[in-house]
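The data block below is protein-v3.csv; it holds CSV, C-alpha atoms and all ligand atoms.
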chain,number,residue,atom,x,y,z
R,12,MET,CA,193.9,301.8,193.8
R,13,VAL,CA,192.5,301.5,197.3
R,14,ILE,CA,189.2,303.2,198.1
R,15,LEU,CA,187.4,303.4,201.4
R,16,LEU,CA,183.8,302.9,200.5
R,17,SER,CA,181.1,301.9,202.7
R,18,LEU,CA,180.4,298.4,201.7
R,19,LYS,CA,176.7,299.1,202.1
R,20,ASN,CA,177.1,301.2,199.0
R,21,CYS,CA,179.4,298.8,197.3
R,22,PHE,CA,177.5,295.5,197.9
R,23,GLN,CA,174.2,297.1,197.4
R,24,LEU,CA,175.3,298.6,194.1
R,25,HIS,CA,177.1,295.5,192.8
R,26,TYR,CA,175.6,292.5,194.4
R,27,GLY,CA,172.4,290.6,194.9
R,28,LEU,CA,171.9,290.1,198.7
R,29,LYS,CA,169.7,287.3,199.8
R,30,ILE,CA,168.7,289.4,202.8
R,31,PRO,CA,166.7,292.6,201.9
R,32,ALA,CA,168.9,295.7,201.9
R,33,ALA,CA,167.3,299.1,201.6
R,34,GLY,CA,168.1,300.8,198.3
R,35,PHE,CA,169.6,297.7,196.7
R,36,ARG,CA,170.4,298.0,193.1
R,37,CYS,CA,172.4,295.4,191.1
R,38,SER,CA,174.7,296.8,188.5
R,39,ALA,CA,176.1,294.9,185.5
R,40,ASN,CA,179.5,294.8,187.2
R,41,SER,CA,180.3,291.2,187.9
R,42,GLY,CA,183.3,291.3,190.2
R,43,LEU,CA,184.5,292.9,193.4
R,44,ILE,CA,187.8,293.1,195.3
R,45,ILE,CA,187.5,293.7,199.0
R,46,GLN,CA,190.2,294.0,201.7
R,47,SER,CA,189.6,293.8,205.4
R,48,VAL,CA,190.7,296.6,207.7
R,49,SER,CA,190.6,294.2,210.6
R,50,SER,CA,193.5,291.8,211.7
R,51,ASP,CA,191.2,289.8,213.9
R,52,ILE,CA,190.9,286.2,212.6
R,53,TYR,CA,187.4,285.7,214.0
R,54,GLN,CA,186.1,288.8,212.3
R,55,ASN,CA,187.7,287.9,209.0
R,56,LEU,CA,186.4,284.3,209.1
R,57,ALA,CA,183.0,285.8,209.8
R,58,VAL,CA,183.2,287.9,206.6
R,59,GLU,CA,183.7,284.6,204.7
R,60,ASP,CA,180.7,283.1,206.5
R,61,TRP,CA,178.6,286.2,205.8
R,62,VAL,CA,179.4,286.3,202.1
R,63,HIS,CA,178.8,282.6,201.9
R,64,ASP,CA,175.5,282.7,203.7
R,65,ASN,CA,174.1,286.0,202.3
R,66,MET,CA,175.2,286.6,198.8
R,67,THR,CA,174.0,285.1,195.6
R,68,LEU,CA,177.0,284.7,193.3
R,69,GLU,CA,175.6,283.5,190.1
R,70,ASP,CA,177.8,285.0,187.4
R,71,ARG,CA,179.5,287.1,190.1
R,72,HIS,CA,182.7,286.7,192.0
R,73,VAL,CA,184.5,288.3,194.9
R,74,LEU,CA,188.1,288.4,195.9
R,75,PHE,CA,188.6,289.0,199.6
R,76,MET,CA,192.1,289.9,200.9
R,77,TRP,CA,192.9,289.8,204.6
R,78,ARG,CA,195.7,289.5,207.2
R,79,ASN,CA,195.7,288.5,210.8
R,80,SER,CA,197.6,289.2,214.0
R,81,PRO,CA,199.4,286.0,215.1
R,82,THR,CA,197.0,283.1,214.9
R,83,VAL,CA,197.0,279.3,214.4
R,84,VAL,CA,194.2,278.3,212.1
R,85,ILE,CA,193.1,274.7,212.2
R,86,GLY,CA,190.9,272.9,209.6
R,87,ARG,CA,187.2,272.1,210.3
R,88,HIS,CA,187.9,268.4,211.2
R,89,GLN,CA,191.2,268.8,213.1
R,90,ASN,CA,192.4,268.3,216.7
R,91,PRO,CA,194.2,271.4,218.2
R,92,TRP,CA,195.9,269.3,220.8
R,93,GLN,CA,197.4,267.1,218.0
R,94,GLU,CA,198.3,270.0,215.7
R,95,CYS,CA,199.8,272.8,217.8
R,96,ASN,CA,201.6,273.8,221.0
R,97,LEU,CA,198.7,275.3,223.0
R,98,LYS,CA,201.0,276.2,225.9
R,99,ILE,CA,203.4,278.4,223.8
R,100,MET,CA,200.3,279.9,222.1
R,101,ARG,CA,198.8,280.9,225.5
R,102,GLU,CA,202.2,282.3,226.7
R,103,LYS,CA,202.7,284.3,223.5
R,104,ASN,CA,199.1,285.4,223.1
R,105,ILE,CA,198.7,283.6,219.8
R,106,LYS,CA,195.1,283.0,218.9
R,107,LEU,CA,193.6,279.7,217.9
R,108,ALA,CA,190.8,279.6,215.3
R,109,ARG,CA,188.9,276.8,213.7
R,110,ARG,CA,187.8,277.5,210.1
R,111,ARG,CA,184.9,276.1,208.3
R,112,SER,CA,186.9,274.6,205.5
R,113,GLY,CA,188.8,271.3,205.7
R,114,GLY,CA,192.5,270.6,205.5
R,115,GLY,CA,195.5,271.2,207.7
R,116,THR,CA,196.8,273.7,210.2
R,117,VAL,CA,198.6,277.0,209.2
R,118,TYR,CA,200.2,279.9,211.0
R,119,HIS,CA,199.2,283.5,210.3
R,120,ASP,CA,200.6,286.8,211.2
R,121,LEU,CA,200.7,290.2,209.4
R,122,GLY,CA,203.5,288.8,207.2
R,123,ASN,CA,201.0,286.3,205.7
R,124,ILE,CA,198.3,287.3,203.2
R,125,ASN,CA,195.1,285.4,202.9
R,126,LEU,CA,193.1,285.3,199.7
R,127,THR,CA,189.5,284.1,199.5
R,128,PHE,CA,188.0,283.5,196.0
R,129,PHE,CA,184.2,283.4,196.1
R,130,THR,CA,182.3,282.1,193.1
R,131,SER,CA,179.2,280.2,192.3
R,132,LYS,CA,179.7,276.5,192.9
R,133,LYS,CA,179.8,276.0,189.2
R,134,LYS,CA,182.7,278.5,188.6
R,135,TYR,CA,184.8,277.2,191.5
R,136,GLU,CA,188.3,276.6,190.1
R,137,ARG,CA,191.2,276.4,192.6
R,138,MET,CA,194.0,275.9,190.0
R,139,GLU,CA,192.8,279.0,188.0
R,140,ASN,CA,193.0,281.1,191.2
R,141,LEU,CA,196.5,279.8,192.0
R,142,LYS,CA,197.6,280.5,188.4
R,143,LEU,CA,196.3,284.0,188.8
R,144,VAL,CA,198.4,284.5,192.0
R,145,VAL,CA,201.5,283.1,190.2
R,146,ARG,CA,200.9,285.5,187.3
R,147,ALA,CA,200.6,288.4,189.7
R,148,LEU,CA,203.9,287.5,191.4
R,149,LYS,CA,205.6,287.0,188.1
R,150,ALA,CA,204.4,290.4,186.9
R,151,LEU,CA,206.0,291.9,190.0
R,152,ARG,CA,209.3,289.9,189.9
R,153,PRO,CA,209.7,287.9,186.7
R,154,GLN,CA,212.7,286.0,188.2
R,155,PHE,CA,210.5,284.3,190.9
R,156,ASP,CA,210.2,280.6,190.6
R,157,VAL,CA,206.7,280.0,192.0
R,158,ARG,CA,204.6,277.0,190.9
R,159,ALA,CA,201.3,275.4,191.9
R,160,THR,CA,201.3,271.7,192.8
R,161,GLU,CA,198.7,269.0,192.4
R,162,ARG,CA,197.7,269.4,196.0
R,163,TYR,CA,197.2,273.1,195.4
R,164,ASP,CA,200.2,274.4,197.3
R,165,LEU,CA,202.4,277.1,195.9
R,166,LEU,CA,206.1,276.2,196.0
R,167,LEU,CA,209.0,278.6,195.8
R,168,ASN,CA,212.1,277.3,194.1
R,169,GLY,CA,210.6,273.9,193.7
R,170,ASN,CA,210.9,273.0,197.4
R,171,PHE,CA,209.5,275.5,199.7
R,172,LYS,CA,205.8,276.0,200.4
R,173,ILE,CA,204.6,279.6,200.4
R,174,SER,CA,200.9,278.9,200.1
R,175,GLY,CA,198.4,276.3,201.4
R,176,THR,CA,194.8,275.9,200.1
R,177,ALA,CA,191.5,274.9,201.6
R,178,ALA,CA,187.9,275.2,200.3
R,179,LYS,CA,184.3,275.2,201.3
R,180,LEU,CA,181.6,274.2,198.9
R,181,GLY,CA,178.1,275.3,199.8
R,182,ARG,CA,174.9,274.5,198.0
R,183,THR,CA,175.3,277.3,195.5
R,184,VAL,CA,178.2,279.4,196.6
R,185,ALA,CA,181.8,278.2,197.0
R,186,TYR,CA,185.0,279.6,198.2
R,187,HIS,CA,188.6,278.7,197.8
R,188,HIS,CA,191.0,280.3,200.2
R,189,CYS,CA,194.8,280.2,200.4
R,190,THR,CA,197.6,281.7,202.3
R,191,LEU,CA,200.7,283.5,201.0
R,192,LEU,CA,203.8,283.6,203.2
R,193,CYS,CA,205.5,286.9,202.6
R,194,ASN,CA,207.4,287.7,205.7
R,195,ALA,CA,205.8,285.8,208.6
R,196,ASP,CA,207.7,284.8,211.7
R,197,ARG,CA,209.1,281.4,210.6
R,198,PHE,CA,210.5,280.6,214.0
R,199,LEU,CA,207.1,281.1,215.7
R,200,LEU,CA,205.5,279.2,212.8
R,201,SER,CA,207.5,276.1,213.4
R,202,SER,CA,207.4,276.3,217.2
R,203,VAL,CA,203.7,276.6,217.5
R,204,LEU,CA,202.9,274.0,214.8
R,205,LYS,CA,204.6,271.2,216.8
R,206,SER,CA,202.4,269.4,219.3
R,207,PRO,CA,204.1,268.4,222.6
R,208,TYR,CA,201.3,266.1,223.6
R,209,LYS,CA,202.1,262.4,223.3
R,210,GLY,CA,199.9,259.4,223.0
R,211,ILE,CA,196.9,261.0,221.1
R,212,LYS,CA,194.8,258.6,219.1
R,213,SER,CA,192.2,260.2,216.8
R,214,ASN,CA,190.6,260.1,213.4
R,215,ALA,CA,191.0,263.9,213.0
R,216,THR,CA,192.5,265.2,209.7
R,217,PRO,CA,196.2,265.3,210.1
R,218,SER,CA,198.2,268.3,208.7
R,219,MET,CA,200.9,267.7,206.1
R,220,PRO,CA,204.0,269.5,207.4
R,221,ALA,CA,206.2,271.0,204.7
R,222,LEU,CA,209.4,273.1,204.4
R,223,VAL,CA,208.3,276.7,204.3
R,224,LYS,CA,209.9,279.9,203.2
R,225,ASN,CA,208.8,283.5,203.0
R,226,LEU,CA,208.5,285.1,199.6
R,227,PHE,CA,210.3,288.2,200.8
R,228,GLU,CA,213.4,286.2,201.5
R,229,GLU,CA,213.8,286.2,197.7
R,230,ASP,CA,213.3,290.0,197.5
R,231,PRO,CA,213.3,292.0,200.7
R,232,SER,CA,212.2,295.2,198.9
R,233,LEU,CA,208.6,293.8,198.5
R,234,THR,CA,205.8,294.6,200.9
R,235,CYS,CA,202.4,292.9,201.6
R,236,GLU,CA,200.7,296.0,200.1
R,237,ILE,CA,202.6,295.7,196.9
R,238,VAL,CA,201.8,292.0,196.6
R,239,MET,CA,198.1,292.5,197.4
R,240,ASP,CA,197.9,295.3,194.8
R,241,ALA,CA,199.5,293.1,192.2
R,242,ILE,CA,197.0,290.3,192.9
R,243,ALA,CA,194.1,292.7,192.8
R,244,ALA,CA,195.4,294.1,189.4
R,245,GLU,CA,195.6,290.6,187.9
R,246,TYR,CA,192.2,289.7,189.3
R,247,ALA,CA,190.8,292.9,187.8
R,248,ARG,CA,192.4,292.2,184.5
R,249,CYS,CA,191.2,288.6,184.3
R,250,HIS,CA,187.6,289.4,185.3
R,251,LYS,CA,187.5,292.7,183.3
R,252,ILE,CA,186.6,294.8,186.3
R,253,ASP,CA,188.0,298.0,187.8
R,254,HIS,CA,191.2,297.6,189.6
R,255,CYS,CA,189.8,299.1,192.8
R,256,ILE,CA,190.1,297.6,196.2
R,257,THR,CA,187.2,298.3,198.6
R,258,LEU,CA,188.2,298.4,202.2
R,259,ILE,CA,185.7,296.8,204.5
R,260,ASN,CA,185.1,296.8,208.2
R,261,PRO,CA,183.9,293.4,209.4
R,262,GLY,CA,182.5,294.8,212.6
R,263,ASP,CA,180.0,297.0,210.7
R,264,GLU,CA,176.5,295.6,211.2
R,265,THR,CA,175.0,298.2,208.9
R,266,VAL,CA,177.0,296.7,206.0
R,267,PHE,CA,176.9,293.1,207.2
R,268,PRO,CA,173.8,292.6,209.2
R,269,GLY,CA,174.2,289.8,211.7
R,270,ILE,CA,178.0,289.5,211.3
R,271,ASN,CA,178.9,290.1,215.0
R,272,MET,CA,176.9,287.0,215.9
R,273,LYS,CA,179.0,285.0,213.4
R,274,THR,CA,182.2,286.5,214.9
R,275,LYS,CA,181.1,285.5,218.4
R,276,GLU,CA,180.3,282.0,217.4
R,277,LEU,CA,183.7,281.5,215.9
R,278,GLN,CA,185.3,282.7,219.2
R,279,THR,CA,183.5,280.2,221.4
R,280,TRP,CA,185.3,277.4,223.2
R,281,ASP,CA,182.5,275.0,221.9
R,282,TRP,CA,183.4,275.8,218.2
R,283,ILE,CA,187.2,276.0,218.5
R,284,TYR,CA,187.8,273.0,220.9
R,285,GLY,CA,184.4,271.5,221.2
R,286,LYS,CA,184.2,270.5,217.5
R,287,THR,CA,187.3,268.3,217.8
R,288,PRO,CA,186.5,264.7,216.7
R,289,LYS,CA,186.5,262.3,219.5
R,290,PHE,CA,189.9,261.2,220.6
R,291,SER,CA,191.9,259.6,223.4
R,292,ILE,CA,195.2,260.4,225.2
R,293,ARG,CA,197.2,257.5,226.7
R,294,THR,CA,200.4,258.7,228.2
R,295,CYS,CA,202.9,258.2,231.0
R,296,PHE,CA,204.6,260.9,233.1
R,297,ASN,CA,207.6,260.8,235.5
R,298,MET,CA,206.8,263.0,238.5
R,299,VAL,CA,209.6,264.0,240.9
R,300,TYR,CA,208.5,264.3,244.5
R,301,LYS,CA,211.0,264.8,247.3
R,302,GLN,CA,213.9,263.6,245.2
R,303,SER,CA,212.2,260.4,244.2
R,304,LEU,CA,210.8,259.6,240.8
R,305,LEU,CA,207.4,258.0,240.3
R,306,GLU,CA,205.4,257.0,237.2
R,307,VAL,CA,201.9,258.1,236.5
R,308,LYS,CA,199.8,256.6,233.7
R,309,VAL,CA,197.0,258.7,232.4
R,310,ASP,CA,194.2,257.5,230.1
R,311,ILE,CA,191.6,260.0,229.0
R,312,GLN,CA,188.8,259.8,226.5
R,313,VAL,CA,187.7,263.2,225.0
R,314,LYS,CA,184.4,263.9,223.3
R,315,HIS,CA,183.4,267.4,222.1
R,316,GLY,CA,186.6,268.7,223.9
R,317,ARG,CA,185.3,267.4,227.2
R,318,ILE,CA,186.7,264.5,229.3
R,319,GLU,CA,184.3,261.6,228.9
R,320,ALA,CA,186.3,259.1,230.9
R,321,CYS,CA,189.5,259.3,232.8
R,322,ASN,CA,191.8,256.9,234.5
R,323,ILE,CA,194.9,257.9,236.5
R,324,ASP,CA,197.2,255.1,237.6
R,325,LEU,CA,199.8,255.7,240.3
R,326,PRO,CA,201.3,253.8,243.2
R,327,GLU,CA,198.7,253.3,246.0
R,328,GLN,CA,201.2,254.1,248.8
R,329,TRP,CA,201.9,257.5,247.2
R,330,LEU,CA,198.4,258.9,247.2
R,331,PRO,CA,195.2,257.2,248.8
R,332,PRO,CA,193.2,255.7,246.0
R,333,ALA,CA,190.1,257.5,247.2
R,334,MET,CA,191.8,260.9,246.4
R,335,CYS,CA,192.8,259.7,243.0
R,336,SER,CA,189.3,258.6,242.3
R,337,GLU,CA,188.0,261.9,243.5
R,338,LEU,CA,190.1,263.7,240.9
R,339,GLU,CA,189.1,261.3,238.1
R,340,LYS,CA,185.4,261.8,239.1
R,341,ASN,CA,185.7,265.5,239.0
R,342,LEU,CA,187.6,265.6,235.8
R,343,THR,CA,185.0,263.6,234.0
R,344,GLY,CA,182.6,265.9,232.2
R,345,SER,CA,185.0,268.9,232.4
R,346,LYS,CA,186.6,270.7,229.5
R,347,LEU,CA,190.1,269.6,228.5
R,348,CYS,CA,191.3,273.0,229.5
R,349,PRO,CA,194.0,274.1,232.0
R,350,SER,CA,192.0,277.0,233.5
R,351,GLU,CA,188.9,274.8,234.1
R,352,THR,CA,191.2,272.0,235.7
R,353,ALA,CA,193.0,274.6,237.8
R,354,ALA,CA,189.7,275.9,239.2
R,355,LEU,CA,188.5,272.4,239.8
R,356,ALA,CA,191.8,271.5,241.5
R,357,SER,CA,191.7,274.4,243.9
R,358,THR,CA,188.1,273.6,244.9
R,359,LEU,CA,189.2,270.0,245.6
R,360,LEU,CA,192.2,271.1,247.6
R,361,ARG,CA,189.9,273.1,249.9
R,362,VAL,CA,188.0,269.9,250.8
R,363,CYS,CA,190.9,267.5,250.8
R,364,PRO,CA,192.3,266.3,254.2
R,365,GLN,CA,194.2,269.1,256.0
R,366,ASN,CA,197.5,267.4,255.5
R,367,TYR,CA,200.4,269.3,254.0
R,368,GLU,CA,202.0,266.3,252.3
R,369,LEU,CA,198.7,265.2,250.7
R,370,HIS,CA,198.1,268.7,249.5
R,371,SER,CA,201.4,269.0,247.8
R,372,LYS,CA,201.2,265.6,246.2
R,373,TRP,CA,197.7,266.3,244.9
R,374,SER,CA,198.8,269.7,243.6
R,375,LEU,CA,201.7,268.1,241.8
R,376,LEU,CA,199.3,265.5,240.3
R,377,CYS,CA,196.9,268.2,239.1
R,378,GLU,CA,199.7,270.2,237.6
R,379,THR,CA,201.0,267.2,235.8
R,380,VAL,CA,197.5,266.3,234.4
R,381,MET,CA,197.2,270.0,233.3
R,382,THR,CA,200.3,269.7,231.1
R,383,LEU,CA,198.2,267.6,228.8
R,384,MET,CA,195.9,270.5,228.1
R,401,LIG,N1,200.8,280.5,206.4
R,401,LIG,C1,201.2,279.4,205.8
R,401,LIG,N2,201.3,279.3,204.5
R,401,LIG,C2,201.8,278.2,203.8
R,401,LIG,N3,202.2,277.1,204.5
R,401,LIG,C3,202.1,277.1,205.8
R,401,LIG,C4,201.6,278.2,206.5
R,401,LIG,N4,201.7,277.9,207.9
R,401,LIG,C5,202.2,276.7,208.0
R,401,LIG,N5,202.4,276.2,206.7
R,401,LIG,C6,202.9,274.8,206.4
R,401,LIG,O1,201.8,274.1,205.9
R,401,LIG,C7,201.7,272.9,206.7
R,401,LIG,C8,200.2,272.4,206.7
R,401,LIG,O2,199.9,272.1,205.4
R,401,LIG,P1,198.5,271.4,205.1
R,401,LIG,O3,198.5,271.0,203.6
R,401,LIG,O4,198.2,270.3,206.0
R,401,LIG,O5,197.4,272.5,205.4
R,401,LIG,C9,197.3,273.6,204.7
R,401,LIG,O6,198.1,274.1,203.9
R,401,LIG,C10,195.9,274.4,204.9
R,401,LIG,C11,195.8,275.7,204.2
R,401,LIG,C12,194.7,276.5,204.8
R,401,LIG,C13,194.5,277.8,204.2
R,401,LIG,C14,193.4,278.7,204.8
R,401,LIG,C15,193.3,280.0,204.0
R,401,LIG,C16,192.7,281.1,204.9
R,401,LIG,S1,192.4,280.5,206.5
R,401,LIG,S2,193.7,279.0,206.5
R,401,LIG,C17,202.3,273.2,208.0
R,401,LIG,O7,202.6,272.1,208.8
R,401,LIG,C18,203.4,274.1,207.6
R,401,LIG,O8,204.5,273.3,207.2
Please render this file's structure as structure tokens.
Amino acid sequence: MVILLSLKNCFQLHYGLKIPAAGFRCSANSGLIIQSVSSDIYQNLAVEDWVHDNMTLEDRHVLFMWRNSPTVVIGRHQNPWQECNLKIMREKNIKLARRRSGGGTVYHDLGNINLTFFTSKKKYERMENLKLVVRALKALRPQFDVRATERYDLLLNGNFKISGTAAKLGRTVAYHHCTLLCNADRFLLSSVLKSPYKGIKSNATPSMPALVKNLFEEDPSLTCEIVMDAIAAEYARCHKIDHCITLINPGDETVFPGINMKTKELQTWDWIYGKTPKFSIRTCFNMVYKQSLLEVKVDIQVKHGRIEACNIDLPEQWLPPAMCSELEKNLTGSKLCPSETAALASTLLRVCPQNYELHSKWSLLCETVMTLM
């Protein structure tokens, strides 16, 4: 059963909020199932942050179900340049988000369900949650062969990953969240989760690529709504609560005071790219200029997503060293970001000697450096 309640009523009736909420009353009911009406990753991750930061969950638990428009979600300590193809993502309008939990990189679209299990830190139990999902799927289709692994993935037919897990343990509240691949675009998934950038050295958490499959490849008659309803039913049965899904709007400040600030923070360049652990790129390009081939070596140190040091090595007779140093100097301190580099390159071109050949060589060099971003 799905009901559209204002969460103000719902949370205020059922939950202890740390922040004061007018008319707050706490009922004996100990569990709640909510589903987001938004398919925006930043808003949905903000709901997780909000519940984590504002709710006291002693003896209470919440299941949050949510789906997103096409997005790549990296773990808290990951490097997006190392994990995904940022160029394809920009071309195809696929968002990039950094979540607060650790672990690897996954692809989301409306064919992927996300489940967040909130509990007190004491009651946090990833395997129990995954078993609940397995039971729900078995209740729907008893023939499904879905099992949880030691690393908390769900595998279909023993080989194919359909779910990945990550978690965040706060001081008192914890959450375990996982994906469930139902009918996501597998072609996009594999093309965006391949990094084209070579020569990256970093201590960032690497992902563990796996063979994936969609659950609906086993039974195309299923829909995400049917699956979410089955999971809600099993959650309700286990926690002895009503099988009722409360729809929430993560943009509603009257229900989630302060949530829009959280959403904004998750959208910032400084959070998504700037939180990348320090890394270096050492690579070599072959540039073609007037039918001749020349080699460029690039060595870049990146800290907080910004170029901390940069060395570009190319034949002196091709470009005056002073111009090359000018580019290095200007790149230092700037974001590892193609639009910032493009703006910087066009400013530099305006002040560079009015010589057609030098202009085109410098443009080519800037474009080449931008392919790293
Ligand atoms: N949506 C989805 N579901 C399952 N597996 C996926 C998915 N997308 C990619 N993959 C596969 O998992 C590996 C990465 O596995 P790895 O084990 O490195 O990482 C994870 O599983 C992280 C799960 C995070 C879950 C959060 C829940 C809500 S927000 S994101 C990737 O290379 C693909 O092979």
Which residues of chain R have any atom within 6 Å of an atom in ligand LIG 401 (chain R) when counting all atoms listed in the file, and what is the closest pair of atoms for each, with the distance in Å to one decimal? Order the rows by chain and rising number and write it as CSV.
residue,atom,partner,partner_atom,distance
R:Val84,CA,R:LIG401,S2,5.7
R:Gly114,CA,R:LIG401,C10,5.1
R:Gly115,CA,R:LIG401,O5,3.3
R:Thr116,CA,R:LIG401,O5,5.0
R:Val117,CA,R:LIG401,N4,3.5
R:Tyr118,CA,R:LIG401,N4,4.0
R:His119,CA,R:LIG401,N1,5.2
R:Asn123,CA,R:LIG401,N1,5.8
R:Asn125,CA,R:LIG401,C16,5.3
R:Lys172,CA,R:LIG401,N3,5.6
R:Ile173,CA,R:LIG401,C2,4.6
R:Ser174,CA,R:LIG401,C2,3.9
R:Gly175,CA,R:LIG401,O6,3.3
R:Thr176,CA,R:LIG401,C11,4.2
R:Ala177,CA,R:LIG401,C12,4.8
R:His188,CA,R:LIG401,C15,4.5
R:Cys189,CA,R:LIG401,C15,3.9
R:Thr190,CA,R:LIG401,C15,4.9
R:Leu191,CA,R:LIG401,N2,5.5
R:Leu192,CA,R:LIG401,N2,5.1
R:Ser218,CA,R:LIG401,O4,3.4
R:Met219,CA,R:LIG401,O4,3.7
R:Pro220,CA,R:LIG401,O7,3.3
R:Ala221,CA,R:LIG401,O8,3.8
R:Leu222,CA,R:LIG401,O8,5.6
R:Val223,CA,R:LIG401,O8,5.9
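When all atoms listed in the file are used to compute distances to Val58 of chain R, the closest of the residues R:Ser131, R:Asn194, R:Thr279, R:Asn260 turns out to be R:Asn260.
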Near-Leu383 of chain R list (10 Å; only C-alpha atoms; drop same-chain fewer than 3 positions) as a short mmCIF file (atom, residue, chain, number, x, y, z; two decimals) with C-alpha atoms, in the coordinates of the input:
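Written out: around36.cif:
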data_model
loop_
_atom_site.label_atom_id
_atom_site.label_comp_id
_atom_site.auth_asym_id
_atom_site.auth_seq_id
_atom_site.Cartn_x
_atom_site.Cartn_y
_atom_site.Cartn_z
CA TRP R 92 195.90 269.30 220.80
CA LEU R 97 198.70 275.30 223.00
CA LYS R 98 201.00 276.20 225.90
CA PRO R 207 204.10 268.40 222.60
CA TYR R 208 201.30 266.10 223.60
CA LYS R 209 202.10 262.40 223.30
CA ILE R 292 195.20 260.40 225.20
CA THR R 294 200.40 258.70 228.20
CA VAL R 309 197.00 258.70 232.40
CA LEU R 347 190.10 269.60 228.50
CA CYS R 348 191.30 273.00 229.50
CA PRO R 349 194.00 274.10 232.00
CA GLU R 378 199.70 270.20 237.60
CA THR R 379 201.00 267.20 235.80
CA VAL R 380 197.50 266.30 234.40
#
Original post:
Can you tell me how far atom CA of Asn322 of chain R sits from atom CA of Asn297 of chain R, in Å to one decimal?
Top reply: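 Distance between the two atoms: 16.3 Å.
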**OP:** Could you tell me how far atom CA of Asn79 of chain R lies from atom CA of Asn170 of chain R, in Å and to one decimal?
**Re:**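 Value for the atom CA of Asn79 of chain R-atom CA of Asn170 of chain R distance: 25.5 Å.
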Original post:
With distances taken over all atoms listed in the file, which of R:Trp329, R:Tyr246, R:Phe296, R:Trp282 is nearest to Arg146 of chain R?
Top reply: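 Counting all atoms listed in the file, the residue closest to Arg146 of chain R is R:Tyr246.
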Subject >> d(atom CA of Asn140 of chain R, atom CA of Arg158 of chain R) in Å >> reply: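 Atom CA of Arg158 of chain R lies 12.3 Å from atom CA of Asn140 of chain R.
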**OP:** Find the residues near Cys377 of chain R: any atom within 12 Å, counting all atoms listed in the file, skip ones fewer than 2 places away on the same chain, and give them as a ChimeraX atom specification.
**Re:** /R:298,307,309,323,334-335,337-339,341-342,349-360,370-375,379-384
Excluding segment 241-245 of chain R and any residue of its chain fewer than 5 positions from it, enumerate the residues within 12 Å of it, using only C-alpha atoms, and give them as an mmCIF file with C-alpha atoms, in the coordinates of the input.
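And here is the file that came out, result-v3.cif:
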data_model
loop_
_atom_site.group_PDB
_atom_site.id
_atom_site.type_symbol
_atom_site.label_atom_id
_atom_site.label_comp_id
_atom_site.auth_asym_id
_atom_site.auth_seq_id
_atom_site.Cartn_x
_atom_site.Cartn_y
_atom_site.Cartn_z
ATOM 1 C CA MET R 12 193.900 301.800 193.800
ATOM 2 C CA VAL R 13 192.500 301.500 197.300
ATOM 3 C CA GLY R 42 183.300 291.300 190.200
ATOM 4 C CA LEU R 43 184.500 292.900 193.400
ATOM 5 C CA ILE R 44 187.800 293.100 195.300
ATOM 6 C CA ILE R 45 187.500 293.700 199.000
ATOM 7 C CA GLN R 46 190.200 294.000 201.700
ATOM 8 C CA VAL R 73 184.500 288.300 194.900
ATOM 9 C CA LEU R 74 188.100 288.400 195.900
ATOM 10 C CA PHE R 75 188.600 289.000 199.600
ATOM 11 C CA MET R 76 192.100 289.900 200.900
ATOM 12 C CA ILE R 124 198.300 287.300 203.200
ATOM 13 C CA ASN R 125 195.100 285.400 202.900
ATOM 14 C CA LEU R 126 193.100 285.300 199.700
ATOM 15 C CA THR R 127 189.500 284.100 199.500
ATOM 16 C CA PHE R 128 188.000 283.500 196.000
ATOM 17 C CA GLU R 139 192.800 279.000 188.000
ATOM 18 C CA ASN R 140 193.000 281.100 191.200
ATOM 19 C CA LEU R 141 196.500 279.800 192.000
ATOM 20 C CA LYS R 142 197.600 280.500 188.400
ATOM 21 C CA LEU R 143 196.300 284.000 188.800
ATOM 22 C CA VAL R 144 198.400 284.500 192.000
ATOM 23 C CA VAL R 145 201.500 283.100 190.200
ATOM 24 C CA ARG R 146 200.900 285.500 187.300
ATOM 25 C CA ALA R 147 200.600 288.400 189.700
ATOM 26 C CA LEU R 148 203.900 287.500 191.400
ATOM 27 C CA LYS R 149 205.600 287.000 188.100
ATOM 28 C CA ALA R 150 204.400 290.400 186.900
ATOM 29 C CA LEU R 151 206.000 291.900 190.000
ATOM 30 C CA ARG R 152 209.300 289.900 189.900
ATOM 31 C CA LEU R 191 200.700 283.500 201.000
ATOM 32 C CA LEU R 233 208.600 293.800 198.500
ATOM 33 C CA THR R 234 205.800 294.600 200.900
ATOM 34 C CA CYS R 235 202.400 292.900 201.600
ATOM 35 C CA GLU R 236 200.700 296.000 200.100
ATOM 36 C CA HIS R 250 187.600 289.400 185.300
ATOM 37 C CA LYS R 251 187.500 292.700 183.300
ATOM 38 C CA ILE R 252 186.600 294.800 186.300
ATOM 39 C CA ASP R 253 188.000 298.000 187.800
ATOM 40 C CA HIS R 254 191.200 297.600 189.600
ATOM 41 C CA CYS R 255 189.800 299.100 192.800
ATOM 42 C CA ILE R 256 190.100 297.600 196.200
ATOM 43 C CA THR R 257 187.200 298.300 198.600
#
Subject >> Counting all atoms listed in the file, the option among R:Gly181, R:Gly122, R:Pro217, R:Gly262 closest to Asn55 of chain R >> reply: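 The answer is R:Gly262, which sits nearest to Asn55 of chain R.
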Subject >> Nearest to Ile105 of chain R, chosen from R:Pro332, R:Pro261, R:Pro231, R:Pro81, with all atoms listed in the file counted in the distances >> reply: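 Going through R:Pro332, R:Pro261, R:Pro231, R:Pro81 one by one, the smallest distance to Ile105 of chain R is for R:Pro81.
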Original post:
Which neighbours of Cys95 of chain R fall inside 6 Å, counting all atoms listed in the file, when residues of the same chain fewer than 2 positions from it are skipped, and could you give them as JSON, numbers by chain?
Top reply: {"R": [91, 97, 203, 204, 205, 206]}
